[in-house]
Every structure is written in structure tokens, then in C-alpha cells.
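Comments concern the structure below.
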Protein chains: 6
Amino acid sequence: MFTLETVKAHCDVPCGIYDPSAAQLAALSVIRMIDLINAAEKGDDEAAYLNNMARYIAVKEEEAVKCKEEIRIIWGDFIKPAHVETYPEIHTLVHNIMMKGGAAKQHTSREKGMELLAEVNKFAEIFWAIKGVKTKTVTAPSLPNEDIVIADL
Amino acid sequence: MFTLETVKAHCDVPCGIYDPSAAQLAALSVIRMIDLINAAEKGDDEAAYLNNMARYIAVKEEEAVKCKEEIRIIWGDFIKPAHVETYPEIHTLVHNIMMKGGAAKQHTSREKGMELLAEVNKFAEIFWAIKGVKTKTVTAPSLPNEDIVIADL
Amino acid sequence: MFTLETVKAHCDVPCGIYDPSAAQLAALSVIRMIDLINAAEKGDDEAAYLNNMARYIAVKEEEAVKCKEEIRIIWGDFIKPAHVETYPEIHTLVHNIMMKGGAAKQHTSREKGMELLAEVNKFAEIFWAIKGVKTKTVTAPSLPNEDIVIADL
Amino acid sequence: MFTLETVKAHCDVPCGIYDPSAAQLAALSVIRMIDLINAAEKGDDEAAYLNNMARYIAVKEEEAVKCKEEIRIIWGDFIKPAHVETYPEIHTLVHNIMMKGGAAKQHTSREKGMELLAEVNKFAEIFWAIKGVKTKTVTAPSLPNEDIVIADL
Amino acid sequence: MFTLETVKAHCDVPCGIYDPSAAQLAALSVIRMIDLINAAEKGDDEAAYLNNMARYIAVKEEEAVKCKEEIRIIWGDFIKPAHVETYPEIHTLVHNIMMKGGAAKQHTSREKGMELLAEVNKFAEIFWAIKGVKTKTVTAPSLPNEDIVIADL
Amino acid sequence: MFTLETVKAHCDVPCGIYDPSAAQLAALSVIRMIDLINAAEKGDDEAAYLNNMARYIAVKEEEAVKCKEEIRIIWGDFIKPAHVETYPEIHTLVHNIMMKGGAAKQHTSREKGMELLAEVNKFAEIFWAIKGVKTKTVTAPSLPNEDIVIADL
């Protein structure tokens with residue numbers, strides 16, 4: 001069964017609680033919406049079809065924005081120059097997440113969602129390494145073919 | 001070490017992904033803010049003191065609202081009449097969470113935050129029981145004295 | 001002529017001012033949007049058609065969310081355990097409103113909107129009974145066939 | 001008993017439903033918050049005092065903004081040049097409401113709130129006159145000394 | 001090259017910083033979205049087409065709202081009765097902007113966007129005249145045929 | 001006279017319109033709020049004092065968030081890997097802006113605001129260099145001692 005084993009919320013004061021899970025879940029939701037968008041069938045009821053499509057697209061938009069936002073917050077508030085010395089690739093990685101998040105908003109292909117998730121997973125691995133927590137890769141059962149990096153506590 | 005071992009986000013389409021962890025974390029954040037509010041010292045710099053207090057209070061407000069919102073969504077979208085038959089106390093429990101959430105906004109005593117968390121934990125236990133997932137109780141180390149119910153997957 | 005004869009706003013402090021009218025009007029707006037969605041004609045200008053549909057669907061979404069939100073606030077902030085003893089059905093009724101509100105977001109049939117309004121009207125009746133105010137049922141003239149419960153002061 | 005006897009929501013499509021009651025209630029809430037702000041006592045518990053003040057001020061801010069917003073929407077979407085010919089003072093009145101709303105945000109004196117309400121009431125009178133609905137003036141019992149113009153249907 | 005030569009942000013305290021540029025740019029964005037809406041081609045991939053249209057329509061909506069909002073703020077907070085004496089047409093102008101902004105939301109024709117921009121430009125001219133700043137008209141190169149009034153400092 | 005000579009709004013589709021001015025102005029507003037916070041005098045009317053402080057702090061919070069958000073959008077949507085090759089320091093610079101923005105939220109000293117503005121100005125210089133536009137440094141007259149980089153078109 002698919003689980004993300006650790007989550008800690010961010011509360012902006014800062015209170016020392018950060019977790020990339022929300023960003024990973026947002027990326028999974030983007031993929032889920034893309035799948036729904038591509039599986040939707042028009043049939044005879046165009047109003048119902050457009051209602052569904054409008055809602056899937058709006059949620060995809062929101063979740064992609066949320067994904068970028070969550071990563072930006074952890075990167076800006078938790079990642080310090082000392083961490084960047086150890087993980088010098090982290091700036092490029094975050095920049096990629098911003099670009100991939102934008103692409104997932106503009107497109108409806110599953111590949112764009114998968115690329116976003118892959119980058120977010122890399123960020124999560126670095127985050128947990130900084131925290132000294134081992135991670136493992138599991139497969140999300142309700143979204144076949146999505147691998148996600150989780151903390152192994 | 002404190003961890004919430006399972007998290008699944010809600011994405012409103014509905015996409016079948018729900019998790020009470022966000023509500024539990026919001027309740028923990030309320031407690032954290034109450035602690036910061038009560039520990040703040042005025043000193044000579046009243047501007048700095050008011051800046052801190054304003055931010056703690058605003059985050060407490062937000063997190064209490066978020067806590068209520070997350071529970072309302074799971075209750076309204078995931079809990080079906082069949083679940084209510086098995087757990088007839090769930091409506092009263094959700095109503096209590098709404099009242100306790102309101103009290104946590106109006107007050108600054110730790111007790112109000114603890115009462116909110118206790119009710120949210122009861123909700124989480126029922127949620128995981130419905131999903132057939134065992135739970136255990138752990139203590140949040142950075143927030144002494146807060147016990148939190150987590151899924152044991 | 002259609003009127004809602006009493007309105008009192010909620011202002012969250014709490015200041016003792018609550019009124020279910022906003023929720024009733026939100027439910028009426030959901031119905032109004034469903035009617036517009038189903039009456040829209042595609043014609044030759046697909047851009048204009050999609051512009052209209054996108055706006056109707058977005059407003060339907062917003063109003064359904066607002067309807068649930070308003071009921072949740074009154075239920076959580078105004079309804080106390082003593083009221084629940086007198087009106088033990090109120091929890092189930094609020095749960096129904098959450099479910100009907102979700103259905104109205106997912107669908108475009110008028111029936112879903114009417115079911116939402118019917119439940120919200122029942123809530124309004126209980127609310128006004130608690131306040132000791134008589135209610136009557138009037139028909140909204142601009143939305144034929146919608147009956148709405150109003151306070152009779 | 002205090003009642004606003006008619007309310008119709010605005011739903012932005014436009015769906016032909018407008019009502020100044022929301023703006024009147026927002027102005028009443030501004031006054032209510034000003035009263036709470038001025039009645040608050042500091043006592044020994046500064047945290048509790050600041051929590052209350054922060055919440056009253058935030059609600060005052062929100063309600064003043066909402067008041068201006070509601071008037072702006074009715075003025076921009078419902079009031080047509082033909083109405084302006086009949087009621088040439090309406091532009092100046094709306095401009096006053098914007099200025100009075102701003103003043104109510106910046107100050108904590110009851111007078112500022114009362115001035116805002118007075119202008120909003122004038123706007124409501126014109127609105128109902130355009131709709132061909134008689135109005136009367138009632139006193140809000142829970143907010144002593146506030147007179148409010150309501151439709152008499 | 002197209003430039004707006006002066007910009008000052010509004011910060012609501014008030015801090016004395018106002019500028020109509022944000023409203024002009026919002027009007028330009030409305031026109032840009034209308035152009036994208038009308039240029040979009042359906043092709044074989046309806047999902048991609050609807051994704052694009054949904055995003056263009058949503059941004060058009062947002063920018064039209066933002067345009068009205070920015071003008072309302074400057075009019076309500078910066079324009080005083082003394083300015084109205086010198087520029088008695090300003091109330092009617094602002095009312096027109098509200099109506100044109102609404103029309104731009106409801107329609108997809110370029111003409112509606114151009115009419116909105118024309119009125120906003122007139123407002124900018126008055127604003128800069130009050131500030132004693134000369135203006136000139138330039139052509140926005142990325143949006144051919146759009147003339148925009150800017151401060152000539 | 002203080003002016004920012006070029007502004008182009010971002011509209012998220014993307015429509016090719018970006019400008020760092022909004023971020024620079026947000027940073028200036030942060031400084032302006034810090035000045036107001038430190039100049040506020042308590043006097044006899046504590047309610048009025050707290051009303052002012054609450055509003056200054058809230059605007060400081062908003063403007064600091066907006067500053068970070070605007071930079072994040074330009075960095076994520078406009079800055080491409082080819083630009084990073086030419087300006088390899090840009091990632092570190094953006095990371096600094098995130099950290100300085102956070103510090104400006106947490107503190108009330110003018111220095112924190114000035115540091116934020118300094119970093120945002122460096123970002124603006126790189127942005128305009130990429131666009132091939134010369135910049136110059138001017139002093140904001142109403143905010144003594146703030147130098148700001150502007151495009152010289």
C-alpha cells in the first residue's frame with residue numbers, strides 16, 4: 001500500500017517544521033488530474049463534459065502552483081548556505097522544479113507531470129539526507145507507475 | 001523521533017485521496033503558536049514584540065481555520081452514511097472540533113489547543129479504522145506533552 | 001415578489017450575528033448557474049461559448065463552496081449541544097448539505113442544485129425556530145419552481 | 001427586533017441578483033468591532049488582550065474592505081447611465097463610501113463607523129427606489145443607536 | 001520600445017504611493033488574453049485546447065478584476081473632492097471603467113478590451129496631470145495597435 | 001523625482017511580459033512600513049496605536065511575501081538555463097532574496113528591509129542586462145537613503 005511515512009507541516013513563523021511531502025502529493029495530484037483530463041469522454045452531454053474538464057484543469061493549476069510554492073518555502077526558509085555547500089546542485093534542482101511546474105500547467109501530457117514529480121522526489125531525498133533520515137522508494141498503487149521517495153524512519 | 005507515518009492529500013475532484021494528517025499538524029501548529037505567544041517577552045523594543053505577537057496570532061488563526069476546514073472536507077466528502085452507522089459518534093466529534101477550533105482562535109491558553117488536538121486525534125483514529133489501518137500513539141518530541149495518533153502501516 | 005426578509009451577517013469574532021440567508025442565496029445561485037449552463041448554445045463562436053461556460057462553472061463552484069462554508073460556520077459557532085438535544089437531526093442534515101454541495105459541484109443537472117437548496121432550507125427552518133422566529137415558504141419569481149424558506153418577522 | 005427584510009446576493013455572471021444588505025451589514029460589523037476595540041480591557045493577561053485586539057482589528061479591516069467591494073460591484077454592474085440621470089448624486093455618494101471606508105480602517109472611533117453606515121444607507125435608499133421598493137428605517141437593537149434603512153416589501 | 005516610465009505601488013496604509021500603471025497593464029493583459037483566445041486552434045487534441053482556453057479565460061477574468069480594483073483604490077484613496085472639482089468627469093470615467101471591465105469579462109471580442117484600455121488611459125492622463133507630470137502616448141510593440149498613455153518624466 | 005521608468009506586468013500564461021519593478025516596489029513598501037512601525041507613538045490611545053501597528057505589520061508581511069513571489073515567478077518562468085550560464089550567481093541571489101524576505105517579516109529593523117532591497121536591485125540589474133536595457137541608480141525622494149536600480153530606456 002502506498003504511504004508517505006513522514007510529514008511535518010510548515011507554519012511560517014518559522015516554527016522549525018518543514019516537510020516536502022505536501023509538494024510530492026501536489027505533484028501526484030497534477031498527474032492524477034492529467035490522467036482524468038485525458039480519460040474524459042465527451043459523450044452526448046457537453047455541459048457535463050466541460051464541467052469535468054474545467055474542474056480537472058483548475059485543480060491541476062492549483063496543485064502545480066502549490067507544488068512550486070511548497071518547494072520555494074522549504075528552499076527559502078530551511079535551506080541555509082551551509083546546506084548548499086554540501087548539496088551544490090540544489091539551486092538548479094529548485095529552478096528545474098519551477099520550470100517543470102510551469103510546463104505542467106501549460107500542457108496536458110502525463111510526461112510533464114512525471115518530470116515534475118521526479119524533480120520533487122530528488123529534492124525530498126536531499127531534504128531527508130540533511131535531516132539524517134533514510135529514504136526508500138515506493139510505488140503509489142492508485143497511480144500506477146508513479147514512484148515516490150519517502151522517509152524511512 | 002516524531003513522525004506522522006502516513007499522509008495523503010485531498011484534491012477535491014474527488015480523486016480518492018484523503019488524510020487527516022494535515023488537520024493534526026494544523027492543531028499542533030495552533031499549540032506551537034500558543035506556546036510562542038505565552039513565551040514572548042516584551043523587553044524594551046515594543047515594536048519587535050508586537051511584530052512577533054501579530055505574526056503568532058495570525059498563524060494561530062490560520063491554522064485553526066485550516067484544521068476545521070480539513071476535517072470538514074474529509075467528513076463531507078469521504079465519510080458516507082454507511083460509515084456513520086458504524087461510528088455514530090462521528091457527527092458529534094466533528095461538531096466538537098468546530099467548537100474547539102473556534103475556542104482556540106478566541107483564546108491563548110494551551111489547554112484550548114490541547115483539547116482541539118485531542119478531538120482531531122479521535123477523528124484520525126476513526127478515519128484509519130475505516131481504512132483498515134492500525135494506528136499507534138507517539139509523542140511529538142519538539143512539542144513536549146503532545147501525543148498524536150498516527151497510522152501504523 | 002421574491003424576498004428574503006431577514007438577514008444577519010456572520011462576523012467571526014463572534015459578534016452574535018448569524019443568518020442562513022447567505023447559504024440559501026448561494027444554493028439559489030448554484031441553481032441559476034446550472035440553468036445557464038444547460039441553456040447555453042454553442043453557435044458559431046466557440047470562444048464566446050467556452051468563455052460563458054467557464055464563467056458559469058466557476059461561479060457554480062464558488063457558490064457551492066460558499067454554501068457549505070456558511071452552513072459550517074453557523075453549525076460550528078452558533079449551534080450548541082443544547083440545540084442538538086432539541087434538534088437531534090441537525091448533524092445529519094449538515095452532513096447531507098456537505099454531500100449535496102459536493103454533488104452540485106460535480107454535476108450539471110438541476111436536480112442536484114434543488115436537492116442542495118432543499119436541505120439548506122431545512123437548516124434555515126431549524127435556525128429560525130431556535131431564534132423563535134416564524135418562517136414561511138415563498139417562491140423565487142426569477143427562478144421559477146424554487147421554493148425558499150424565509151423568516152416571517 | 002432588528003431585521004433586514006430583503007436580501008439578494010450578487011453572483012457576478014451577471015445573474016441579475018443584487019442587494020446592498022451585505023454592505024450595510026459589513027458597515028454594522030465595522031461599528032461592532034470598533035465598539036469591541038474600545039471596550040477591551042488589558043488586565044493582567046497581555047497575550048489574551050493582544051489576541052482579542054488583533055482579531056477585532058483584522059475583522060474591522062475585512063468588513064470595511066467588503067463594504068467598499070459590495071458597493072463597488074452594485075455601482076459598476078447594476079447602476080446604468082440612465083439611473084445616474086435620475087440620481088446624479090450617486091457617483092459622489094459612492095466616492096464618499098470609498099473615503100469613509102478607508103477612514104474606518106485607519107481609525108478606531110465610532111464616529112468613523114457611523115459615517116460609513118450613513119453613506120451606505122443612502123446608497124441603499126437609492127437602490128431600492130430604483131427597484132420600486134419602499135424602505136423604512138429601523139434601529140438595530142443589539143447595536144444601540146444604529147439606524148439602518150431596510151426595504152419594506 | 002514600449003515602456004511605462006513611471007510606476008509607484010499602492011500599499012494601503014496609506015503610504016502615499018499610487019500609480020495607474022498596474023491598471024493599464026491589466027487592461028493590456030486582458031487584450032492579450034482575448035487575442036490568445038481568438039487565435040487558439042482546436043486541432044486533434046481537445047484536452048490541450050480546453051486547457052489553453054481555460055487558462056486564457058481565467059487570466060482574462062483575473063486581469064479585468066485587477067484593473068477595476070486598482071482604479072477603485074486610486075479613485076477612493078487618492079482622489080479627493082478638490083480633484084473632482086478640477087476634473088468633474090472623473091466619476092463618470094471611473095464608472096465607465098467598471099462597466100467596460102465587466103463587459104471584457106463577459107465577452108471575447110478585442111473591441112471590449114480596447115474600450116477598457118481607452119478609459120483606463122484617460123484616467124491615467126488625469127492622474128498624471130494632478131501629479132503635475134506630462135504624459136505621452138506610445139505604442140506597445142508586443143501588442144500591435146495598442147496605444148498607452150505614459151508619464152513623460 | 002523618483003520614478004521607475006519601466007514596468008511590464010506578468011500574466012502567467014505566459015504572455016512574455018515580466019518586470020522586476022513590482023518586487024522592487026514591494027521591498028520599498030517593506031522599508032516604508034518598518035519606518036512607520038518605528039515612528040509610531042503610543043500616546044494615550046492604546047486602541048489607536050494597536051490599530052496602526054497591526055495594519056503596518058500586516059502590510060509589511062504582505063509586501064515581503066509579494067516581493068519573494070514576484071522574484072520567484074520571474075526566476076522560474078523567464079530565467080532559462082542559458083541565462084544561468086551567463087549569470088551563474090543568479091540562483092544564489094534569488095536564494096538570498098528568499099532569506100532576506102523572511103528576515104524582513106520576522107524583524108522590525110530598517111537594516112533588514114534595506115538588505116532585501118539591495119538584493120532585489122541586483123536581480124533587477126541582471127534582468128535588464130538580459131533584456132539589453134541600460135540601468136541607472138536613482139534615489140527615492142520620499143524614502144530618503146533608498147537607492148533603487150531602474151531601467152534607462
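Here, A, B, ... name the chains of the C-alpha cells in the order displayed, residue numbers run from 1 inside each chain, and ligands are numbered from 1 in the same displayed order.
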
Taking only C-alpha atoms into account, what are the residues of chain F at most 10 Å from chain B, put as a list of chain:residue names?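 On the chain F side, the interface is F:Ile34, F:Ile37, F:Asn38, F:Ala39, F:Ala40, F:Lys42, F:Leu50, F:Met53, F:Ala54, F:Arg55, F:Tyr56, F:Ile57, F:Ala58, F:Lys60, F:Glu61, F:Lys105, F:Gln106, F:His107, F:Thr108, F:Ser109.
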
Matching each Cα of chain C to the same-order Cα of chain E and superposing by least squares, what RMSD do you find?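 C-alpha RMSD after optimal superposition stands at 0.1 Å.
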
Give me, please, the distance in Å between CA of Tyr18 (chain A) and CA of Phe78 (chain A), quoted to one decimal.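 Here the two named atoms are 7.5 Å from each other.
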
By how many Å are CA of Phe127 (chain B) and CA of Pro20 (chain B) apart? 7.6 Å

Between CA of Asp35 (chain F) and CA of Gly113 (chain F), distance in Å (one decimal):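 Between these atoms lies a distance of 9.8 Å.
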
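Secondary structure from DSSP on the backbone puts strand (DSSP E or B) at the following positions of chain E: Thr135, Lys136, Thr137, Val138, Thr139, Asp147, Ile148, Val149, Ile150 and Ala151 of chain E.
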
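Residue nearest Ala82 (chain F) within the list F:Ala104, F:Leu36, F:Cys67, F:Ile130: F:Ile130 [criterion: smallest interatomic distance, only C-alpha atoms].
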
I need the residues in region 1-147 of chain B that are helix (DSSP H, G or I) according to DSSP; give them as a PyMOL selection string. chain B and resi 21-39+46-77+81-86+90-106+110-130

Using only C-alpha atoms, which residues sit within 7 Å of region 134-140 of chain A once same-chain residues fewer than 3 positions away are excluded, as an MDAnalysis selection string? chainID A and resid 2 125 128:129 143:153

Find the residues near region 85-97 of chain E: any atom within 8 Å, counting only C-alpha atoms, skip ones fewer than 6 places away on the same chain, and give them as a list in words.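 That gives Trp75, Gly76, His91, Thr92 and His95 of chain D; Lys68, Ile71, Arg72, Trp75, Leu116, Glu119, Val120, Lys122, Phe123 and Ile126 of chain E.
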
Write a file of the selected residues as a JSON list (two decimals), in the first residue's frame, keeping N, CA and C atoms.
```json
[["chain", "number", "residue", "atom", "x", "y", "z"],
["D", 75, "TRP", "N", -22.62, 49.30, -7.91],
["D", 75, "TRP", "CA", -22.47, 50.54, -8.67],
["D", 75, "TRP", "C", -21.96, 50.25, -10.08],
["D", 76, "GLY", "N", -20.97, 49.37, -10.20],
["D", 76, "GLY", "CA", -20.37, 49.10, -11.51],
["D", 76, "GLY", "C", -21.20, 48.19, -12.39],
["D", 91, "HIS", "N", -22.70, 59.07, -7.92],
["D", 91, "HIS", "CA", -21.24, 58.94, -8.06],
["D", 91, "HIS", "C", -20.52, 59.53, -6.85],
["D", 92, "THR", "N", -20.94, 60.72, -6.45],
["D", 92, "THR", "CA", -20.32, 61.37, -5.28],
["D", 92, "THR", "C", -20.54, 60.52, -4.03],
["D", 95, "HIS", "N", -18.22, 57.60, -4.11],
["D", 95, "HIS", "CA", -16.87, 58.09, -3.79],
["D", 95, "HIS", "C", -16.72, 58.34, -2.29],
["E", 68, "LYS", "N", -10.10, 46.82, -12.53],
["E", 68, "LYS", "CA", -11.15, 47.57, -11.82],
["E", 68, "LYS", "C", -10.73, 47.87, -10.39],
["E", 71, "ILE", "N", -8.09, 50.73, -10.13],
["E", 71, "ILE", "CA", -8.68, 52.05, -10.37],
["E", 71, "ILE", "C", -9.55, 52.45, -9.17],
["E", 72, "ARG", "N", -10.29, 51.51, -8.65],
["E", 72, "ARG", "CA", -11.14, 51.80, -7.50],
["E", 72, "ARG", "C", -10.30, 52.28, -6.31],
["E", 75, "TRP", "N", -8.94, 55.85, -7.04],
["E", 75, "TRP", "CA", -10.09, 56.77, -7.00],
["E", 75, "TRP", "C", -10.56, 57.00, -5.56],
["E", 116, "LEU", "N", -11.88, 49.15, -22.78],
["E", 116, "LEU", "CA", -11.42, 49.21, -21.38],
["E", 116, "LEU", "C", -10.11, 49.98, -21.29],
["E", 119, "GLU", "N", -10.43, 53.83, -21.69],
["E", 119, "GLU", "CA", -10.91, 54.54, -20.50],
["E", 119, "GLU", "C", -9.84, 54.60, -19.41],
["E", 120, "VAL", "N", -9.12, 53.52, -19.25],
["E", 120, "VAL", "CA", -8.06, 53.49, -18.24],
["E", 120, "VAL", "C", -6.96, 54.50, -18.61],
["E", 122, "LYS", "N", -7.43, 57.31, -20.15],
["E", 122, "LYS", "CA", -7.95, 58.64, -19.79],
["E", 122, "LYS", "C", -7.77, 58.91, -18.30],
["E", 123, "PHE", "N", -8.02, 57.88, -17.50],
["E", 123, "PHE", "CA", -7.84, 58.02, -16.06],
["E", 123, "PHE", "C", -6.37, 58.30, -15.73],
["E", 126, "ILE", "N", -5.44, 61.96, -16.38],
["E", 126, "ILE", "CA", -5.89, 62.85, -15.30],
["E", 126, "ILE", "C", -5.00, 62.68, -14.07]]
```
